[in-house]
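Peer 1: My file is input-v3.txt. It has compact mmCIF, C-alpha atoms:
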# COMPACT_ATOMS: atom_id res chain seq x y z
CA MET A 1 -6.65 2.08 17.72
CA ASN A 2 -5.83 -1.03 15.67
CA ASP A 3 -4.06 -2.54 18.67
CA LEU A 4 -7.13 -2.05 20.81
CA MET A 5 -9.63 -3.29 18.23
CA SER A 6 -7.66 -6.40 17.24
CA ALA A 7 -5.91 -7.09 20.56
CA GLY A 8 -2.65 -6.75 18.63
CA LEU A 9 -3.55 -9.41 16.05
CA HIS A 10 -3.42 -6.88 13.21
CA ARG A 11 0.37 -6.98 13.49
CA VAL A 12 0.36 -10.75 12.98
CA TRP A 13 -2.05 -10.37 10.03
CA LYS A 14 0.24 -7.78 8.44
CA ASP A 15 3.26 -10.06 8.86
CA ILE A 16 1.33 -12.94 7.25
CA MET A 17 0.32 -10.68 4.39
CA ILE A 18 3.90 -9.60 3.69
CA ASN A 19 5.09 -13.21 3.87
CA GLN A 20 2.43 -14.19 1.33
CA LEU A 21 3.27 -11.19 -0.85
CA ASN A 22 6.93 -12.22 -0.80
CA PRO A 23 8.37 -9.19 -2.63
CA PRO A 24 11.68 -9.88 -4.40
CA LYS A 25 14.74 -9.04 -2.34
CA SER A 26 16.62 -7.98 -5.45
CA ASP A 27 16.60 -4.99 -7.77
CA ALA A 28 13.84 -6.61 -9.84
CA PRO A 29 10.97 -4.15 -10.34
CA PHE A 30 8.03 -4.81 -8.00
CA ALA A 31 5.05 -2.47 -7.62
CA LEU A 32 2.51 -2.59 -4.80
CA LEU A 33 -0.84 -0.80 -4.90
CA ASP A 34 -2.15 -0.46 -1.34
CA VAL A 35 -5.82 0.56 -1.60
CA ALA A 36 -7.23 2.18 1.56
CA GLY A 37 -3.65 2.07 2.85
CA GLY A 38 -4.01 4.98 5.27
CA THR A 39 -0.71 5.70 6.97
CA GLY A 40 1.23 3.13 4.91
CA ASP A 41 1.82 0.31 7.41
CA ILE A 42 1.61 -2.44 4.77
CA ALA A 43 3.71 -0.51 2.26
CA PHE A 44 6.44 0.11 4.85
CA ARG A 45 6.55 -3.54 5.88
CA ALA A 46 6.71 -4.60 2.24
CA ALA A 47 9.50 -2.09 1.55
CA LYS A 48 11.48 -3.47 4.48
CA ALA A 49 11.08 -7.01 3.14
CA ALA A 50 11.86 -6.08 -0.48
CA GLY A 51 14.89 -5.14 -2.50
CA THR A 52 15.78 -1.92 -4.27
CA GLY A 53 13.30 -2.46 -7.13
CA PHE A 54 10.34 -2.06 -4.80
CA ARG A 55 7.84 0.78 -5.22
CA ALA A 56 4.48 1.26 -3.50
CA THR A 57 1.55 3.56 -4.04
CA VAL A 58 -0.72 4.04 -1.05
CA CYS A 59 -4.23 5.24 -1.96
CA ASP A 60 -6.74 6.54 0.55
CA ILE A 61 -9.47 9.17 0.90
CA ASN A 62 -8.32 10.42 4.30
CA THR A 63 -6.04 13.45 3.93
CA ASP A 64 -4.86 13.37 7.54
CA MET A 65 -3.86 9.70 7.44
CA LEU A 66 -2.00 10.21 4.17
CA GLU A 67 -0.10 13.14 5.66
CA VAL A 68 0.94 10.98 8.62
CA GLY A 69 2.07 8.35 6.10
CA ARG A 70 4.13 10.85 4.12
CA LYS A 71 5.89 11.99 7.29
CA ARG A 72 6.53 8.39 8.32
CA ALA A 73 7.92 7.60 4.86
CA SER A 74 10.26 10.57 5.06
CA ALA A 75 11.43 9.63 8.57
CA ARG A 76 12.17 6.10 7.31
CA HIS A 77 13.92 7.44 4.18
CA LEU A 78 11.32 5.63 2.05
CA ASP A 79 9.80 8.67 0.35
CA GLN A 80 11.42 7.64 -2.96
CA GLN A 81 9.91 4.14 -2.73
CA VAL A 82 6.49 4.84 -1.21
CA SER A 83 4.13 7.47 -2.59
CA PHE A 84 0.71 8.55 -1.32
CA VAL A 85 -2.33 9.41 -3.44
CA GLU A 86 -5.57 10.91 -2.18
CA ALA A 87 -8.51 9.74 -4.27
CA MET A 88 -12.04 8.43 -4.10
CA PRO A 89 -12.02 4.68 -4.67
CA ARG A 90 -14.40 4.66 -7.63
CA ARG A 91 -12.18 3.94 -10.57
CA TRP A 92 -8.42 4.29 -10.51
CA ASN A 93 -6.17 3.41 -13.43
CA PHE A 94 -2.76 2.12 -12.53
CA PRO A 95 -0.23 0.24 -14.64
CA ILE A 96 -0.02 -3.36 -13.46
CA ALA A 97 1.67 -6.57 -14.51
CA ARG A 98 -0.15 -9.87 -14.13
CA SER A 99 3.09 -11.81 -13.73
CA THR A 100 6.73 -11.62 -14.70
CA ALA A 101 5.84 -13.49 -17.93
CA THR A 102 3.14 -11.00 -18.96
CA PRO A 103 4.01 -7.53 -20.23
CA SER A 104 2.87 -4.58 -18.18
CA HIS A 105 -0.43 -3.06 -19.12
CA SER A 106 -2.98 -0.66 -17.72
CA ALA A 107 -5.94 -1.97 -15.76
CA SER A 108 -8.67 -0.49 -13.67
CA ALA A 109 -9.04 -1.13 -9.98
CA THR A 110 -12.66 -0.73 -9.02
CA CYS A 111 -13.73 -0.51 -5.41
CA ARG A 112 -17.36 -0.82 -4.44
CA GLY A 113 -18.99 -0.23 -1.14
CA SER A 114 -20.94 2.33 0.82
CA MET A 115 -18.85 5.29 -0.30
CA PRO A 116 -20.73 8.57 -0.88
CA ARG A 117 -21.49 9.30 -4.52
Once more with this new file: its structure as structure tokens, please.
Peer 2:
Amino acid sequence: MNDLMSAGLHRVWKDIMINQLNPPKSDAPFALLDVAGGTGDIAFRAAKAAGTGFRATVCDINTDMLEVGRKRASARHLDQQVSFVEAMPRRWNFPIARSTATPSHSASATCRGSMPR
């Protein structure tokens, strides 16, 4: 569907995103929170570009897409690096780090839009 809707450009956009993200290719800890990540395309690309310290959490409200993502993660042997969470995007609390110079802390990720209440 994405190929049809974007004429294949979504693949280029994903590559640009991962290049901008530039996850470390070492064992340095690096955590990615992929909100509305569906089947995990971004997380898988980031894992491929990153080193052994990489971890991703894919959040989405669609159970079926998350299940496809879990199966894809397992087939790619990434199920230890990429996890999937089903949740409504109202208010999620995830530990984050602002930069390597700032200690980790907990912050809220708030998503707003036309989601049902």
Peer 1: Which is closer to Leu32 in chain A than all the others in A:Ile61, A:Thr52, A:Ala46, A:Met17, using all atoms listed in the file?
Peer 2: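 For Leu32 in chain A, the nearest of the given residues is A:Ala46.
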Peer 1: For Val35 in chain A, list every protein, DNA or RNA residue within 8 Å, evaluated using only C-alpha atoms, and leave out those in the same chain fewer than 4 positions away; present the list as a list in words.
Peer 2: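 After dropping sequence-adjacent residues, the list is Val58, Cys59 and Asp60 of chain A.
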Peer 1: Mind dumping the selected residues with C-alpha atoms as a PDB file, in the coordinates of the input?
Peer 2:
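Result file again_21.pdb:
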ATOM      1  CA  VAL A  58      -0.720   4.040  -1.050  1.00  0.00           C
ATOM      2  CA  CYS A  59      -4.230   5.240  -1.960  1.00  0.00           C
ATOM      3  CA  ASP A  60      -6.740   6.540   0.550  1.00  0.00           C
TER       4      ASP A  60
END
Peer 1: Compute the distance from (1.9, -12.4, -2.2) to each atom, counting only C-alpha atoms, keep the residues with any atom at most 12 Å away, and return them as a PyMOL selection string; use the coordinates of the file.
Peer 2: chain A and resi 14-24+30-32+46+49-50+99
Peer 1: Give the answer as one residue: which of A:Ala47, A:Val82, A:Met88, A:Ile42 has the shortest atom-to-atom distance to Ser26 in chain A, using all atoms listed in the file?
Peer 2: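 The answer is A:Ala47, which sits nearest to Ser26 in chain A.
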Peer 1: Record the distance separating CA of Leu9 in chain A and CA of Gly37 in chain A, expressed in Å with one decimal.
Peer 2: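 Those two atoms sit 17.5 Å apart.
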Peer 1: Using all atoms listed in the file, can you tell me which of A:Asp34, A:Glu86, A:Asp27, A:Asp79 comes closest to Leu66 in chain A?
Peer 2: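 Nearest to Leu66 in chain A: A:Glu86.
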